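As provided, structure-v6.cif (mmCIF, C-alpha atoms and all ligand atoms; chains and numbers go by the auth columns) reads as follows.
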data_query
#
loop_
_atom_site.group_PDB
_atom_site.id
_atom_site.type_symbol
_atom_site.label_atom_id
_atom_site.label_comp_id
_atom_site.label_asym_id
_atom_site.label_seq_id
_atom_site.Cartn_x
_atom_site.Cartn_y
_atom_site.Cartn_z
_atom_site.B_iso_or_equiv
_atom_site.auth_seq_id
_atom_site.auth_asym_id
ATOM 1 C CA MET A 1 144.455 155.274 134.216 0.00 1 A
ATOM 2 C CA THR A 2 145.356 156.999 137.464 0.00 2 A
ATOM 3 C CA LYS A 3 147.638 159.770 136.246 0.00 3 A
ATOM 4 C CA TRP A 4 146.187 163.150 135.604 0.00 4 A
ATOM 5 C CA ILE A 5 146.994 166.838 135.634 0.00 5 A
ATOM 6 C CA ILE A 6 144.901 169.545 137.199 0.00 6 A
ATOM 7 C CA THR A 7 144.540 172.458 134.879 0.00 7 A
ATOM 8 C CA SER A 8 142.244 175.383 135.319 0.00 8 A
ATOM 9 C CA VAL A 9 140.227 176.110 132.236 0.00 9 A
ATOM 10 C CA SER A 10 137.801 178.577 133.707 0.00 10 A
ATOM 11 C CA GLN A 11 139.770 181.653 132.657 0.00 11 A
ATOM 12 C CA ALA A 12 140.650 180.505 129.159 0.00 12 A
ATOM 13 C CA GLU A 13 138.169 179.166 126.663 0.00 13 A
ATOM 14 C CA PRO A 14 138.600 176.938 124.796 0.00 14 A
ATOM 15 C CA THR A 15 141.092 174.741 126.578 0.00 15 A
ATOM 16 C CA PRO A 16 143.638 173.492 124.055 0.00 16 A
ATOM 17 C CA HIS A 17 144.351 170.088 125.521 0.00 17 A
ATOM 18 C CA CYS A 18 143.287 167.143 127.603 0.00 18 A
ATOM 19 C CA ALA A 19 143.833 166.390 131.300 0.00 19 A
ATOM 20 C CA ASN A 20 144.961 162.850 130.577 0.00 20 A
ATOM 21 C CA ILE A 21 148.735 163.048 131.109 0.00 21 A
ATOM 22 C CA ASP A 22 149.349 160.416 128.454 0.00 22 A
ATOM 23 C CA CYS A 23 147.555 162.494 125.871 0.00 23 A
ATOM 24 C CA GLU A 24 149.502 165.080 123.936 0.00 24 A
ATOM 25 C CA ARG A 25 146.864 165.799 121.364 0.00 25 A
ATOM 26 C CA LEU A 26 145.188 169.160 121.030 0.00 26 A
ATOM 27 C CA TRP A 27 141.423 169.482 121.052 0.00 27 A
ATOM 28 C CA ASN A 28 139.710 170.015 117.742 0.00 28 A
ATOM 29 C CA PRO A 29 136.326 171.561 118.652 0.00 29 A
ATOM 30 C CA GLY A 30 134.860 170.940 115.224 0.00 30 A
ATOM 31 C CA SER A 31 135.265 167.197 115.228 0.00 31 A
ATOM 32 C CA GLU A 32 136.098 166.032 118.760 0.00 32 A
ATOM 33 C CA GLU A 33 134.009 165.897 121.898 0.00 33 A
ATOM 34 C CA GLN A 34 135.466 166.456 125.328 0.00 34 A
ATOM 35 C CA TRP A 35 133.774 165.593 128.623 0.00 35 A
ATOM 36 C CA TYR A 36 134.063 167.700 131.752 0.00 36 A
ATOM 37 C CA CYS A 37 134.704 166.874 135.411 0.00 37 A
ATOM 38 C CA TRP A 38 133.007 169.394 137.705 0.00 38 A
ATOM 39 C CA LYS A 39 134.903 168.230 140.752 0.00 39 A
ATOM 40 C CA TYR A 40 138.371 169.059 139.458 0.00 40 A
ATOM 41 C CA ASP A 41 137.579 171.380 136.568 0.00 41 A
ATOM 42 C CA LEU A 42 139.105 169.112 133.924 0.00 42 A
ATOM 43 C CA TRP A 43 138.405 168.352 130.288 0.00 43 A
ATOM 44 C CA PHE A 44 139.106 165.014 128.606 0.00 44 A
ATOM 45 C CA HIS A 45 138.843 163.780 125.032 0.00 45 A
ATOM 46 C CA THR A 46 136.187 161.109 124.990 0.00 46 A
ATOM 47 C CA ALA A 47 138.796 158.847 123.377 0.00 47 A
ATOM 48 C CA CYS A 48 140.915 159.264 126.525 0.00 48 A
ATOM 49 C CA LEU A 49 138.122 158.068 128.826 0.00 49 A
ATOM 50 C CA GLU A 50 136.717 154.699 129.721 0.00 50 A
ATOM 51 C CA GLU A 51 133.048 153.965 129.764 0.00 51 A
ATOM 52 C CA HIS A 52 131.465 154.009 133.228 0.00 52 A
ATOM 53 C CA VAL A 53 129.636 150.943 134.548 0.00 53 A
ATOM 54 C CA VAL A 54 126.559 153.122 134.707 0.00 54 A
ATOM 55 C CA SER A 55 125.950 153.631 131.049 0.00 55 A
ATOM 56 C CA LYS A 56 122.407 154.966 131.107 0.00 56 A
ATOM 57 C CA GLN A 57 121.919 158.699 131.285 0.00 57 A
ATOM 58 C CA GLU A 58 118.867 158.263 133.560 0.00 58 A
ATOM 59 C CA GLU A 59 120.904 156.354 136.164 0.00 59 A
ATOM 60 C CA TYR A 60 123.648 158.916 135.829 0.00 60 A
ATOM 61 C CA MET A 61 121.132 161.656 136.599 0.00 61 A
ATOM 62 C CA VAL A 62 120.174 159.976 139.865 0.00 62 A
ATOM 63 C CA MET A 63 123.839 159.623 140.862 0.00 63 A
ATOM 64 C CA MET A 64 124.528 163.246 140.018 0.00 64 A
ATOM 65 C CA ALA A 65 121.516 164.326 142.026 0.00 65 A
ATOM 66 C CA GLU A 66 122.951 162.670 145.098 0.00 66 A
ATOM 67 C CA LYS A 67 126.340 164.292 144.582 0.00 67 A
ATOM 68 C CA TYR A 68 125.427 167.785 143.504 0.00 68 A
ATOM 69 C CA LEU A 69 122.073 168.665 144.973 0.00 69 A
ATOM 70 C CA GLN A 70 121.433 169.620 148.576 0.00 70 A
ATOM 71 C CA SER A 71 118.128 167.861 148.364 0.00 71 A
ATOM 72 C CA PRO A 72 118.728 164.359 147.067 0.00 72 A
ATOM 73 C CA ASP A 73 115.066 163.969 146.247 0.00 73 A
ATOM 74 C CA ILE A 74 115.050 164.860 142.589 0.00 74 A
ATOM 75 C CA SER A 75 111.325 164.240 142.393 0.00 75 A
ATOM 76 C CA GLU A 76 110.843 167.634 144.082 0.00 76 A
ATOM 77 C CA ILE A 77 112.609 169.433 141.242 0.00 77 A
ATOM 78 C CA PRO A 78 110.782 170.053 137.966 0.00 78 A
ATOM 79 C CA GLN A 79 111.815 167.299 135.575 0.00 79 A
ATOM 80 C CA ALA A 80 112.703 169.836 132.883 0.00 80 A
ATOM 81 C CA ILE A 81 115.330 171.360 135.166 0.00 81 A
ATOM 82 C CA VAL A 82 116.690 167.984 136.325 0.00 82 A
ATOM 83 C CA GLU A 83 117.173 166.833 132.739 0.00 83 A
ATOM 84 C CA VAL A 84 119.228 169.889 131.887 0.00 84 A
ATOM 85 C CA ALA A 85 121.185 170.160 135.139 0.00 85 A
ATOM 86 C CA LEU A 86 122.214 166.533 135.451 0.00 86 A
ATOM 87 C CA GLN A 87 123.312 165.621 131.945 0.00 87 A
ATOM 88 C CA PRO A 88 126.987 165.148 131.069 0.00 88 A
ATOM 89 C CA THR A 89 128.924 168.378 130.560 0.00 89 A
ATOM 90 C CA ALA A 90 130.621 168.369 127.195 0.00 90 A
ATOM 91 C CA HIS A 91 131.890 170.486 124.359 0.00 91 A
ATOM 92 C CA GLY A 92 132.953 169.980 120.767 0.00 92 A
ATOM 93 C CA GLY A 93 131.748 167.895 117.896 0.00 93 A
ATOM 94 C CA SER A 94 128.439 168.037 116.111 0.00 94 A
ATOM 95 C CA LEU A 95 126.255 167.609 119.215 0.00 95 A
ATOM 96 C CA HIS A 96 127.806 170.071 121.616 0.00 96 A
ATOM 97 C CA PHE A 97 129.506 172.622 119.365 0.00 97 A
ATOM 98 C CA ALA A 98 132.616 174.512 120.453 0.00 98 A
ATOM 99 C CA ALA A 99 130.930 176.417 123.266 0.00 99 A
ATOM 100 C CA GLY A 100 129.452 173.269 124.801 0.00 100 A
ATOM 101 C CA ASN A 101 126.682 173.022 127.347 0.00 101 A
ATOM 102 C CA MET A 102 128.524 174.173 130.463 0.00 102 A
ATOM 103 C CA GLN A 103 126.739 177.516 130.802 0.00 103 A
ATOM 104 C CA ILE A 104 123.391 175.820 130.202 0.00 104 A
ATOM 105 C CA ILE A 105 124.115 173.249 132.906 0.00 105 A
ATOM 106 C CA LYS A 106 125.497 175.794 135.356 0.00 106 A
ATOM 107 C CA PHE A 107 122.346 177.862 134.986 0.00 107 A
ATOM 108 C CA ALA A 108 120.166 174.804 135.562 0.00 108 A
ATOM 109 C CA HIS A 109 122.204 173.863 138.654 0.00 109 A
ATOM 110 C CA GLY A 110 121.116 177.202 140.109 0.00 110 A
ATOM 111 C CA LEU A 111 117.484 176.397 139.325 0.00 111 A
ATOM 112 C CA CYS A 112 117.498 173.154 141.300 0.00 112 A
ATOM 113 C CA LYS A 113 116.753 174.899 144.581 0.00 113 A
ATOM 114 C CA SER A 114 113.107 175.625 145.228 0.00 114 A
ATOM 115 C CA GLU A 115 113.957 179.072 146.638 0.00 115 A
ATOM 116 C CA ALA A 116 115.613 179.947 143.335 0.00 116 A
ATOM 117 C CA GLN A 117 112.565 178.702 141.426 0.00 117 A
ATOM 118 C CA ASN A 118 110.175 180.708 143.591 0.00 118 A
ATOM 119 C CA GLU A 119 112.300 183.819 143.292 0.00 119 A
ATOM 120 C CA LEU A 120 112.213 183.600 139.499 0.00 120 A
ATOM 121 C CA ILE A 121 108.522 182.797 139.342 0.00 121 A
ATOM 122 C CA THR A 122 107.768 185.806 141.517 0.00 122 A
ATOM 123 C CA ASN A 123 110.179 188.375 140.109 0.00 123 A
ATOM 124 C CA HIS A 124 111.505 187.452 136.687 0.00 124 A
ATOM 125 C CA SER A 125 109.945 189.331 133.789 0.00 125 A
ATOM 126 C CA TRP A 126 109.529 186.102 131.801 0.00 126 A
ATOM 127 C CA PHE A 127 107.317 184.557 134.486 0.00 127 A
ATOM 128 C CA ILE A 128 105.488 187.805 135.129 0.00 128 A
ATOM 129 C CA ALA A 129 104.666 187.979 131.436 0.00 129 A
ATOM 130 C CA HIS A 130 103.686 184.313 131.542 0.00 130 A
ATOM 131 C CA SER A 131 101.300 184.862 134.445 0.00 131 A
ATOM 132 C CA LEU A 132 99.524 187.567 132.454 0.00 132 A
ATOM 133 C CA GLU A 133 98.749 185.077 129.736 0.00 133 A
ATOM 134 C CA ASP A 134 95.709 182.937 130.239 0.00 134 A
ATOM 135 C CA GLY A 135 97.418 179.624 130.990 0.00 135 A
ATOM 136 C CA ASP A 136 95.887 176.504 129.522 0.00 136 A
ATOM 137 C CA ASP A 137 98.663 174.178 130.678 0.00 137 A
ATOM 138 C CA ASN A 138 98.160 170.996 132.635 0.00 138 A
ATOM 139 C CA GLY A 139 100.085 169.760 135.634 0.00 139 A
ATOM 140 C CA GLY A 140 103.116 171.401 137.212 0.00 140 A
ATOM 141 C CA ASN A 141 103.407 173.393 140.397 0.00 141 A
ATOM 142 C CA ASN A 142 100.703 175.561 141.707 0.00 142 A
ATOM 143 C CA VAL A 143 102.359 178.855 142.446 0.00 143 A
ATOM 144 C CA GLY A 144 101.301 181.980 144.271 0.00 144 A
ATOM 145 C CA ASP A 145 98.194 183.395 142.734 0.00 145 A
ATOM 146 C CA GLY A 146 97.233 180.179 141.039 0.00 146 A
ATOM 147 C CA ASP A 147 99.538 180.260 138.018 0.00 147 A
ATOM 148 C CA VAL A 148 100.582 176.834 136.897 0.00 148 A
ATOM 149 C CA ILE A 149 104.252 176.496 135.972 0.00 149 A
ATOM 150 C CA THR A 150 104.767 173.396 133.871 0.00 150 A
ATOM 151 C CA ASP A 151 107.894 171.588 132.707 0.00 151 A
ATOM 152 C CA GLU A 152 107.310 173.100 129.307 0.00 152 A
ATOM 153 C CA ASP A 153 107.346 176.560 130.901 0.00 153 A
ATOM 154 C CA TRP A 154 110.688 175.859 132.565 0.00 154 A
ATOM 155 C CA ARG A 155 112.053 174.551 129.274 0.00 155 A
ATOM 156 C CA ARG A 156 110.944 177.642 127.388 0.00 156 A
ATOM 157 C CA PHE A 157 112.271 179.916 130.111 0.00 157 A
ATOM 158 C CA MET A 158 115.717 178.270 129.981 0.00 158 A
ATOM 159 C CA GLU A 159 115.738 178.363 126.181 0.00 159 A
ATOM 160 C CA ASP A 160 114.844 182.018 126.294 0.00 160 A
ATOM 161 C CA GLU A 161 117.637 182.719 128.792 0.00 161 A
ATOM 162 C CA HIS A 162 120.132 181.043 126.437 0.00 162 A
ATOM 163 C CA GLY A 163 118.807 182.704 123.314 0.00 163 A
ATOM 164 C CA MET A 164 117.417 179.468 121.895 0.00 164 A
ATOM 165 C CA LYS A 165 114.382 179.776 119.692 0.00 165 A
ATOM 166 C CA GLU A 166 111.326 177.606 120.059 0.00 166 A
ATOM 167 C CA GLU A 167 111.475 176.541 116.420 0.00 167 A
ATOM 168 C CA GLU A 168 115.022 175.232 116.950 0.00 168 A
ATOM 169 C CA GLN A 169 113.807 172.698 119.501 0.00 169 A
ATOM 170 C CA GLY A 170 114.685 169.157 118.463 0.00 170 A
ATOM 171 C CA ASN A 171 116.749 170.362 115.506 0.00 171 A
ATOM 172 C CA ASP A 172 120.279 169.102 116.101 0.00 172 A
ATOM 173 C CA ARG A 173 121.788 171.740 113.847 0.00 173 A
ATOM 174 C CA PHE A 174 121.088 174.020 116.800 0.00 174 A
ATOM 175 C CA GLU A 175 122.237 173.752 120.372 0.00 175 A
ATOM 176 C CA GLN A 176 119.669 171.980 122.561 0.00 176 A
ATOM 177 C CA LEU A 177 118.979 172.307 126.271 0.00 177 A
ATOM 178 C CA THR A 178 119.320 168.578 126.797 0.00 178 A
ATOM 179 C CA VAL A 179 121.107 165.962 124.741 0.00 179 A
ATOM 180 C CA HIS A 180 119.738 162.498 125.453 0.00 180 A
ATOM 181 C CA GLY A 181 121.480 159.156 125.058 0.00 181 A
ATOM 182 C CA GLN A 182 124.963 160.407 125.838 0.00 182 A
ATOM 183 C CA MET A 183 127.875 158.217 126.849 0.00 183 A
ATOM 184 C CA ILE A 184 128.792 158.171 130.531 0.00 184 A
ATOM 185 C CA PHE A 185 132.505 157.921 131.325 0.00 185 A
ATOM 186 C CA THR A 186 134.654 157.419 134.417 0.00 186 A
ATOM 187 C CA CYS A 187 136.732 160.458 135.320 0.00 187 A
ATOM 188 C CA PRO A 188 140.349 159.280 135.676 0.00 188 A
ATOM 189 C CA SER A 189 141.014 161.866 138.392 0.00 189 A
ATOM 190 C CA CYS A 190 138.065 161.493 140.765 0.00 190 A
ATOM 191 C CA ASN A 191 136.656 158.160 139.546 0.00 191 A
ATOM 192 C CA ASN A 192 133.175 159.657 139.435 0.00 192 A
ATOM 193 C CA ALA A 193 130.878 159.197 136.517 0.00 193 A
ATOM 194 C CA ILE A 194 131.076 162.151 134.142 0.00 194 A
HETATM 195 ZN ZN ZN B . 143.090 163.282 125.323 0.00 201 A
HETATM 196 ZN ZN ZN B . 136.626 163.973 138.048 0.00 202 A
#
Show how you would write the structure in this file as structure tokens.
Amino acid sequence: MTKWIITSVSQAEPTPHCANIDCERLWNPGSEEQWYCWKYDLWFHTACLEEHVVSKQEEYMVMMAEKYLQSPDISEIPQAIVEVALQPTAHGGSLHFAAGNMQIIKFAHGLCKSEAQNELITNHSWFIAHSLEDGDDNGGNNVGDGDVITDEDWRRFMEDEHGMKEEEQGNDRFEQLTVHGQMIFTCPSCNNAI
């Protein structure tokens, strides 16, 4: 599988097809998943992809960290953000729904930099409101005036930003920040894991 077409999908959503040149099928968002390549902005039916040698999502996260993050040391980034930012980008089917997780992942990419985290913690109304509460959390970063920002805080902040409700957490009838145990494929165009 070395043939592929570059198509830009950023201006039109949803994309009606698949970047595999041998595939003439449309994409049915209700029943079919497609995986996304960030490098070339391409979507593929999962049926048109081959499984990557790295099949574990955790290993994939480490590889993605090296490729996409300025700082390759993912241990410096809150785990809650890493989990969201470095999962496969997909849409369609019962796990990812038609809209998919691209906006969720893009937002988390922006949170991977510590400057971005500090900016939010200092200025965003969610964190300001949080710092007014009497925190009883454990662990996390010690920030500014002694507030402790935990992974759970980051998770709730991201959910809030995407309009996800706390009671929907873990309920797969609703979109989730992170989907675990996903397949990892090889992108036919760039040969990276996607
Ligand atoms: Zn296809
Ligand atoms: Zn690719």
I need the residue set behind the PyMOL selection byres (((not hetatm)) within 12 of (chain A and resi 201)) for this file; please write it as a VMD selection string.
-> chain A and resid 4 to 5 15 to 28 32 to 36 42 to 50 188
Deliver the residues from the most recent selection as a file, using C-alpha atoms, as a compact mmCIF listing (two decimals), in the coordinates of the input.
# COMPACT_ATOMS: atom_id res chain seq x y z
CA TRP A 4 146.19 163.15 135.60
CA ILE A 5 146.99 166.84 135.63
CA THR A 15 141.09 174.74 126.58
CA PRO A 16 143.64 173.49 124.06
CA HIS A 17 144.35 170.09 125.52
CA CYS A 18 143.29 167.14 127.60
CA ALA A 19 143.83 166.39 131.30
CA ASN A 20 144.96 162.85 130.58
CA ILE A 21 148.74 163.05 131.11
CA ASP A 22 149.35 160.42 128.45
CA CYS A 23 147.56 162.49 125.87
CA GLU A 24 149.50 165.08 123.94
CA ARG A 25 146.86 165.80 121.36
CA LEU A 26 145.19 169.16 121.03
CA TRP A 27 141.42 169.48 121.05
CA ASN A 28 139.71 170.02 117.74
CA GLU A 32 136.10 166.03 118.76
CA GLU A 33 134.01 165.90 121.90
CA GLN A 34 135.47 166.46 125.33
CA TRP A 35 133.77 165.59 128.62
CA TYR A 36 134.06 167.70 131.75
CA LEU A 42 139.10 169.11 133.92
CA TRP A 43 138.40 168.35 130.29
CA PHE A 44 139.11 165.01 128.61
CA HIS A 45 138.84 163.78 125.03
CA THR A 46 136.19 161.11 124.99
CA ALA A 47 138.80 158.85 123.38
CA CYS A 48 140.92 159.26 126.52
CA LEU A 49 138.12 158.07 128.83
CA GLU A 50 136.72 154.70 129.72
CA PRO A 188 140.35 159.28 135.68
Wanna dump the chain A-ligand ZN 202 (chain A) contacts at 7 Å for me, each residue with its shortest atom pair and the distance in Å to one decimal, counting all atoms listed in the file, ordered by chain and number, as a tab-separated table?
residue	atom	partner	partner_atom	distance
A:Cys37	CA	A:ZN202	ZN	4.4
A:Trp38	CA	A:ZN202	ZN	6.5
A:Lys39	CA	A:ZN202	ZN	5.3
A:Tyr40	CA	A:ZN202	ZN	5.6
A:Cys187	CA	A:ZN202	ZN	4.5
A:Pro188	CA	A:ZN202	ZN	6.4
A:Ser189	CA	A:ZN202	ZN	4.9
A:Cys190	CA	A:ZN202	ZN	4.0
A:Asn191	CA	A:ZN202	ZN	6.0
A:Asn192	CA	A:ZN202	ZN	5.7
Place a sphere of radius 9 Å on (131.5, 164.9, 116.0) in the file coordinates and name every protein, DNA or RNA residue with an atom inside or on its surface, counting only C-alpha atoms; give the answer as a list in words.
->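 Selection result: Pro29, Gly30, Ser31, Glu32, Glu33, Gly92, Gly93, Ser94, Leu95, His96 and Phe97 of chain A.
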Have a look at A:Met164, A:Val62, A:Ile149, A:Lys56 and name the one nearest to Thr122 in chain A; count all atoms listed in the file.
->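 Closest to Thr122 in chain A of all the choices is A:Ile149.
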Write out as a list of chain:residue names each polymer residue whose atoms come within 12 Å of Gly170 in chain A, counting only C-alpha atoms; drop sequence neighbours fewer than 6 positions from it.
->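 Everything that qualifies: A:Leu95, A:Met164, A:Gln176, A:Leu177, A:Thr178, A:Val179, A:His180.
Checking A:Val84, A:His130, A:Ile77, A:Thr150 one by one against Ser114 in chain A, counting only C-alpha atoms, you find the shortest gap at A:Ile77.
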What lies within 12 Å of Pro78 in chain A using all atoms listed in the file, ignoring chain neighbours under 6 positions off, as a count of residues only?
-> 18
Distance of CA of Ala65 in chain A from CA of Leu86 in chain A, expressed in Å to one decimal place = 7.0 Å
For the atom pair CA of Arg156 in chain A and CA of Tyr68 in chain A, what is the interatomic distance in Å to one decimal place?
-> 23.8 Å
Coordinates-based distance that separates CA of Ser131 in chain A from CA of Gln103 in chain A (Å, one decimal) = 26.7 Å
How would you write, as number ranges by chain, the residues chosen by the PyMOL selection byres (((chain A and resi 184) around 8) and not hetatm) on this structure?
-> A: 51-52, 54-57, 60, 88, 182-183, 185-186, 193-194
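For the structure in this document, the set picked by the PyMOL selection byres (((chain A and resi 101) around 8) and not hetatm) is Thr89, Ala90, His91, His96, Ala99, Gly100, Met102, Gln103, Ile104, Ile105 and Leu177 of chain A.
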